[in-house]
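Asker: Got a structure for you, written out below as structure tokens; questions coming shortly.
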Amino acid sequence: METKVFKPSAVDQAAALIAAGQLVAFPTETVYGLGADATNVAAVKQVYQAKGRPSDNPLIVHVADVATVERFAKPLSINAKRLIKAFWPGPLTMIFNLKPDALAPEVTGGLTTAAFRNPANAATIALIKAAKTPIVGPSANTSGKPSPTTAQHVLHDLDGKIAGILDDGATKVGVESTVLDLSGDQPAILRPGAVTAEAIEAVIDEPVLTEQHHVGATEVPKAPGMKYKHYAPDAQVYIVDHVTDWPAALTWAAQQNVPMGVMATDTVLKANKLPANCEQYSLGNDVQSASRNLFAGLRHFDTETSIKDILAQAFDNQGLGAAYMNRLNKSAGQTHFRV
Ligand code: TXA
Ligand code: MG
């Protein structure tokens with residue numbers, strides 16, 4: 001199948017494909033999603049196929065308005081309404097209890113809850129409205145690979161496997177949305193993102209559980225996606241924990257008789273001379289730009305170089321840094337450079 005690339009001005013054509021049960025990748029402020037009509041079971045099944053995604057891993061339902069959430073979910077709590085008012089449209093996904101049989105098990109992974117999100121991207125909101133249906137969307141990458149932050153990344157993984165892609169340029173946040181579970185007794189962050197625990201606690205009158213849920217082999221995970229290998233480039237990533245570790249890390253890199261990648265901020269890159277066998281990928285100036293550039297950098301080394309080893313800079317594990325470090329740790333399989 002030929003994958004058609006649509007500009008935002010051609011959103012109606014992309015919407016017609018969704019309405020016809022086809023797959024169309026769409027932009028959001030976080031990463032690109034792989035879209036299908038959330039009410040069309042055959043279309044939803046194709047999403048799993050195209051991605052190679054395990055079928056027990058539920059999908060986020062992207063909506064253009066709160067009324068659509070209320071069509072499927074049980075009545076929203078005061079806190080849910082406050083969070084919607086504070087953060088939608090934006091990178092906060094919320095998990096709500098569903099009315100009986102409101103969505104197909106292919107969407108929910110057989111759970112009685114579903115994840116909803118109202119993305120901050122005008123073209124995608126127009127897409128949902130024109131298709132006249134909510135759109136499921138996992139990240140539009142091959143399962144296990146870094147999430148796509150450009151249309152080119154999506155094409156690299158899914159060209160020929162999907163009907164279209166709505167291209168609105170590079171995404172702004174770069175790491176996936178915060179997933180907040182509001183279906184239980186206490187709000188719990190299942191995946192950190194740009195909407196931080198502190199920001200959520202400032203809006204609601206309850207503490208938020210942030211403890212990362214570590215999933216054992218036999219345990220049923222809260223967010224089923226968390227048990228799978230994630231964001232893993234072909235190259236091995238080594239996390240450089242402290243800015244002061246870079247001289248030692250680069251000395252070690254120089255001793256390896258292979259080309260190496262270096263992902264670090266401009267400050268680090270300016271302060272340290274790179275050995276000849278190292279290629280740099282700038283993470284920009286701060287944790288915002290680092291989050292925006294992380295997946296693109298990992299993909300760059302995999303697809304445009306022969307590099308098999310990457311040194312990558314850590315950030316403080318707070319605020320947006322918690323989301324960045326969550327993704328970086330998974331990319332690296334928890335491997336750190338040790339001085
Ligand atoms: O930023 C994002 O959230 C992107 C864009 C495209 O919106 N989407 C995204 O989707 O990252 P995905 O499928 O790659 O990640 C969704 C995560 C998975 O870990 C999944 O297991 C979890 O949310 N999830 C979805 N529905 C759930 C539910 N009912 N209960 C618990 N976890 C759920
Ligand atoms: Mg994903």
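Starting from 1 in every chain, residues are counted up; chains themselves are A, B, ... following the order of the structure tokens, and ligands are numbered from 1 as listed.
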Around ligand 1, at most 7 Å away and counting only C-alpha atoms and all ligand atoms, which residues are there? Put them as an MDAnalysis selection string, please.
Answerer: chainID A and resid 28 30:34 57:60 91 93 95 108 111 113:115 117 119 137:140 175:179 181 222:226
Asker: Give me every helix (DSSP H, G or I) residue in stretch 104-155 of chain A, going by DSSP on the backbone, as a list of chain:residue names.
Answerer: A:Pro105, A:Glu106, A:Val107, A:Thr108, A:Ala122, A:Ala123, A:Thr124, A:Ile125, A:Ala126, A:Leu127, A:Ile128, A:Lys129, A:Ala130, A:Ala131, A:Ala151, A:Gln152, A:His153, A:Val154, A:Leu155
Asker: Okay, now the selection with C-alpha atoms, as a short mmCIF file (atom, residue, chain, number, x, y, z; two decimals), in the first residue's frame?
Answerer:
data_model
loop_
_atom_site.label_atom_id
_atom_site.label_comp_id
_atom_site.auth_asym_id
_atom_site.auth_seq_id
_atom_site.Cartn_x
_atom_site.Cartn_y
_atom_site.Cartn_z
CA PRO A 105 -11.74 -5.02 24.31
CA GLU A 106 -9.36 -4.41 21.40
CA VAL A 107 -9.13 -0.79 22.60
CA THR A 108 -8.99 -1.42 26.35
CA ALA A 122 -4.83 21.86 15.86
CA ALA A 123 -4.47 19.58 12.82
CA THR A 124 -5.21 16.47 14.86
CA ILE A 125 -8.19 18.05 16.62
CA ALA A 126 -9.48 18.94 13.13
CA LEU A 127 -8.80 15.32 12.07
CA ILE A 128 -10.87 13.90 14.95
CA LYS A 129 -13.72 16.35 14.26
CA ALA A 130 -13.75 15.71 10.51
CA ALA A 131 -13.61 11.91 10.97
CA ALA A 151 6.75 12.24 9.98
CA GLN A 152 10.03 10.87 8.60
CA HIS A 153 10.44 8.69 11.69
CA VAL A 154 6.93 7.32 11.15
CA LEU A 155 7.66 6.57 7.49
#
Asker: Env of A:Ala194: 12 Å cut, atoms = only C-alpha atoms, seq-sep filter 4 positions within chain, self excluded. Answer as a ChimeraX atom specification.
Answerer: /A:29-30,87,90-93,172-180,189,198-200,287-288,291-292,318-324,326
Asker: Using N, CA and C atoms, can you export the residues from the last selection as an mmCIF file, in the first residue's frame?
Answerer:
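Okay, part.cif is ready:
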data_model
loop_
_atom_site.group_PDB
_atom_site.id
_atom_site.type_symbol
_atom_site.label_atom_id
_atom_site.label_comp_id
_atom_site.auth_asym_id
_atom_site.auth_seq_id
_atom_site.Cartn_x
_atom_site.Cartn_y
_atom_site.Cartn_z
ATOM 1 N N GLU A 29 1.459 17.106 20.290
ATOM 2 C CA GLU A 29 2.538 17.885 20.885
ATOM 3 C C GLU A 29 3.636 17.001 21.477
ATOM 4 N N THR A 30 3.329 15.697 21.702
ATOM 5 C CA THR A 30 4.319 14.810 22.338
ATOM 6 C C THR A 30 5.106 14.013 21.297
ATOM 7 N N PHE A 87 -5.378 21.188 32.162
ATOM 8 C CA PHE A 87 -4.321 20.629 31.290
ATOM 9 C C PHE A 87 -4.753 20.226 29.890
ATOM 10 N N GLY A 90 -3.545 19.066 26.034
ATOM 11 C CA GLY A 90 -2.176 19.015 26.520
ATOM 12 C C GLY A 90 -1.741 17.603 26.831
ATOM 13 N N PRO A 91 -0.471 17.451 27.265
ATOM 14 C CA PRO A 91 0.126 16.107 27.373
ATOM 15 C C PRO A 91 -0.229 15.355 28.657
ATOM 16 N N LEU A 92 -1.523 15.340 28.998
ATOM 17 C CA LEU A 92 -1.992 14.563 30.145
ATOM 18 C C LEU A 92 -3.052 13.577 29.681
ATOM 19 N N THR A 93 -2.726 12.278 29.799
ATOM 20 C CA THR A 93 -3.688 11.205 29.515
ATOM 21 C C THR A 93 -4.294 10.776 30.831
ATOM 22 N N LYS A 172 6.733 19.061 19.678
ATOM 23 C CA LYS A 172 7.344 20.066 20.554
ATOM 24 C C LYS A 172 7.838 19.516 21.885
ATOM 25 N N VAL A 173 7.126 18.547 22.438
ATOM 26 C CA VAL A 173 7.503 18.020 23.760
ATOM 27 C C VAL A 173 8.509 16.878 23.615
ATOM 28 N N GLY A 174 8.226 15.936 22.724
ATOM 29 C CA GLY A 174 9.200 14.897 22.392
ATOM 30 C C GLY A 174 9.114 13.630 23.215
ATOM 31 N N VAL A 175 8.576 13.684 24.421
ATOM 32 C CA VAL A 175 8.314 12.456 25.190
ATOM 33 C C VAL A 175 6.799 12.319 25.352
ATOM 34 N N GLU A 176 6.325 11.076 25.462
ATOM 35 C CA GLU A 176 4.896 10.819 25.483
ATOM 36 C C GLU A 176 4.228 11.431 26.711
ATOM 37 N N SER A 177 2.893 11.523 26.603
ATOM 38 C CA SER A 177 2.094 12.175 27.644
ATOM 39 C C SER A 177 2.239 11.488 29.004
ATOM 40 N N THR A 178 1.990 12.256 30.050
ATOM 41 C CA THR A 178 1.834 11.714 31.393
ATOM 42 C C THR A 178 0.588 10.833 31.398
ATOM 43 N N VAL A 179 0.705 9.613 31.939
ATOM 44 C CA VAL A 179 -0.488 8.769 32.090
ATOM 45 C C VAL A 179 -0.872 8.757 33.570
ATOM 46 N N LEU A 180 -2.053 9.314 33.853
ATOM 47 C CA LEU A 180 -2.552 9.430 35.228
ATOM 48 C C LEU A 180 -3.769 8.534 35.382
ATOM 49 N N ILE A 189 0.363 8.182 38.935
ATOM 50 C CA ILE A 189 1.040 8.384 37.656
ATOM 51 C C ILE A 189 1.644 7.050 37.221
ATOM 52 N N GLU A 198 3.888 17.378 40.533
ATOM 53 C CA GLU A 198 3.716 18.621 41.301
ATOM 54 C C GLU A 198 2.621 19.483 40.674
ATOM 55 N N ALA A 199 2.604 19.547 39.345
ATOM 56 C CA ALA A 199 1.594 20.357 38.652
ATOM 57 C C ALA A 199 0.199 19.772 38.872
ATOM 58 N N ILE A 200 0.113 18.446 38.906
ATOM 59 C CA ILE A 200 -1.189 17.791 39.132
ATOM 60 C C ILE A 200 -1.642 18.030 40.570
ATOM 61 N N VAL A 287 16.587 20.655 29.811
ATOM 62 C CA VAL A 287 15.819 19.405 29.839
ATOM 63 C C VAL A 287 14.648 19.442 28.854
ATOM 64 N N GLN A 288 14.147 20.635 28.553
ATOM 65 C CA GLN A 288 13.070 20.743 27.549
ATOM 66 C C GLN A 288 13.589 20.318 26.168
ATOM 67 N N SER A 291 14.498 16.603 26.031
ATOM 68 C CA SER A 291 13.326 15.731 25.867
ATOM 69 C C SER A 291 12.829 15.764 24.431
ATOM 70 N N ARG A 292 12.864 16.956 23.835
ATOM 71 C CA ARG A 292 12.424 17.113 22.443
ATOM 72 C C ARG A 292 13.332 16.331 21.490
ATOM 73 N N GLN A 318 13.613 15.099 38.237
ATOM 74 C CA GLN A 318 12.456 15.850 38.769
ATOM 75 C C GLN A 318 11.861 16.725 37.679
ATOM 76 N N GLY A 319 10.588 17.088 37.857
ATOM 77 C CA GLY A 319 9.892 17.848 36.824
ATOM 78 C C GLY A 319 9.899 17.072 35.519
ATOM 79 N N LEU A 320 10.125 17.760 34.407
ATOM 80 C CA LEU A 320 10.208 17.084 33.111
ATOM 81 C C LEU A 320 11.367 16.083 33.089
ATOM 82 N N GLY A 321 12.371 16.308 33.941
ATOM 83 C CA GLY A 321 13.511 15.391 34.032
ATOM 84 C C GLY A 321 13.094 13.972 34.394
ATOM 85 N N ALA A 322 12.001 13.828 35.151
ATOM 86 C CA ALA A 322 11.526 12.482 35.505
ATOM 87 C C ALA A 322 11.064 11.743 34.248
ATOM 88 N N ALA A 323 10.427 12.469 33.330
ATOM 89 C CA ALA A 323 9.974 11.847 32.072
ATOM 90 C C ALA A 323 11.174 11.520 31.190
ATOM 91 N N TYR A 324 12.101 12.482 31.072
ATOM 92 C CA TYR A 324 13.299 12.262 30.258
ATOM 93 C C TYR A 324 14.078 11.049 30.772
ATOM 94 N N ASN A 326 13.044 8.558 32.658
ATOM 95 C CA ASN A 326 12.272 7.325 32.474
ATOM 96 C C ASN A 326 12.526 6.747 31.078
#
Asker: What is the distance between atom CA of A:Ala38 and atom CA of A:Ala102, in Å to one decimal?
Answerer: 10.8 Å
Asker: Identify all residues of stretch 34-231 of chain A in strand (DSSP E) (DSSP on the backbone) and supply them as number ranges by chain.
Answerer: A: 34-37, 60-62, 92-97, 113-117, 135-136, 164-166, 178-181, 188-191
Asker: Calculated over only C-alpha atoms, which of the candidates A:Thr335, A:Asn97, A:Thr149, A:Asn141 has the smallest distance to A:Leu76?
Answerer: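 Among the listed residues, A:Asn97 lies closest to A:Leu76.
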Asker: Find, counting only C-alpha atoms, the residue in A:Asn317, A:Ala104, A:Ala73, A:Ser55 that gets nearest to A:Val41.
Answerer: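 The closest residue to A:Val41 is A:Ala104.
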Asker: From the set A:Pro146, A:Val262, A:Asp286, A:Val69, which residue has the shortest atom-to-atom contact distance to ligand 2, counting only C-alpha atoms and all ligand atoms?
Answerer: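 The closest residue to ligand 2 is A:Pro146.
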Asker: With a distance cut-off of 10 Å and only C-alpha atoms, select the neighbouring residues of A:Lys161, excluding the residue or stretch itself and same-chain residues fewer than 6 positions from it, and output the selection as a list in words.
Answerer: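 In the requested format, the answer is Met1, Glu2, Thr3, Leu23, Gln46, Val47, Gln49, Ala50, Lys51 and Leu155 of chain A.
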Asker: Excluding stretch 249-252 of chain A and its own-chain neighbours fewer than 4 positions away, which residues fall within 8 Å of it when counting only C-alpha atoms? Please give them as a list in words.
Answerer: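 The filter keeps Val240, Asp245, Gln256, Leu274, Pro275, Leu311, Phe337 and Val339 of chain A.
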Asker: Any idea what's packed within 9 Å of A:Ile84, counting only C-alpha atoms, ignoring anything in its chain fewer than 4 positions away? Could you give it as a tab-separated table (two decimals) with N, CA and C atoms, in the first residue's frame?
Answerer:
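This went into selection-v5.tsv:
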chain	number	residue	atom	x	y	z
A	66	VAL	N	-14.66	17.05	25.75
A	66	VAL	CA	-14.96	16.29	26.96
A	66	VAL	C	-16.26	15.49	26.80
A	79	ASN	N	-12.19	16.12	40.70
A	79	ASN	CA	-10.76	16.25	40.38
A	79	ASN	C	-10.49	16.02	38.89
A	80	ALA	N	-11.18	15.07	38.30
A	80	ALA	CA	-11.01	14.84	36.86
A	80	ALA	C	-11.39	16.09	36.09
A	88	TRP	N	-6.04	20.24	29.57
A	88	TRP	CA	-6.47	19.89	28.21
A	88	TRP	C	-6.75	21.14	27.41
A	89	PRO	N	-6.42	21.22	26.13
A	89	PRO	CA	-5.61	20.22	25.44
A	89	PRO	C	-4.17	20.24	25.95
A	92	LEU	N	-1.52	15.34	29.00
A	92	LEU	CA	-1.99	14.56	30.15
A	92	LEU	C	-3.05	13.58	29.68
A	94	MET	N	-5.63	10.63	30.86
A	94	MET	CA	-6.27	10.20	32.11
A	94	MET	C	-7.05	8.91	31.89
A	118	ASN	N	-6.69	14.58	25.11
A	118	ASN	CA	-7.09	15.66	24.20
A	118	ASN	C	-5.79	16.37	23.79
Asker: Using only C-alpha atoms, which protein or nucleic acid residues come within 10 Å of A:Pro207? Drop anything in the same chain fewer than 3 positions from it, and give the result as number ranges by chain.
Answerer: A: 186-188, 197-198, 200-202, 204, 210
Asker: When distances are computed from only C-alpha atoms and all ligand atoms, which of A:Tyr231, A:Phe6, A:Trp246, A:Tyr281 shows the smallest separation from ligand 2?
Answerer: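 The closest residue to ligand 2 is A:Tyr231.
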Asker: Which residue gives the smallest distance to A:Val208 among A:Leu298, A:Val258, A:Leu182, A:Val11, with only C-alpha atoms counted?
Answerer: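 Of all the options, A:Leu182 lies closest to A:Val208.
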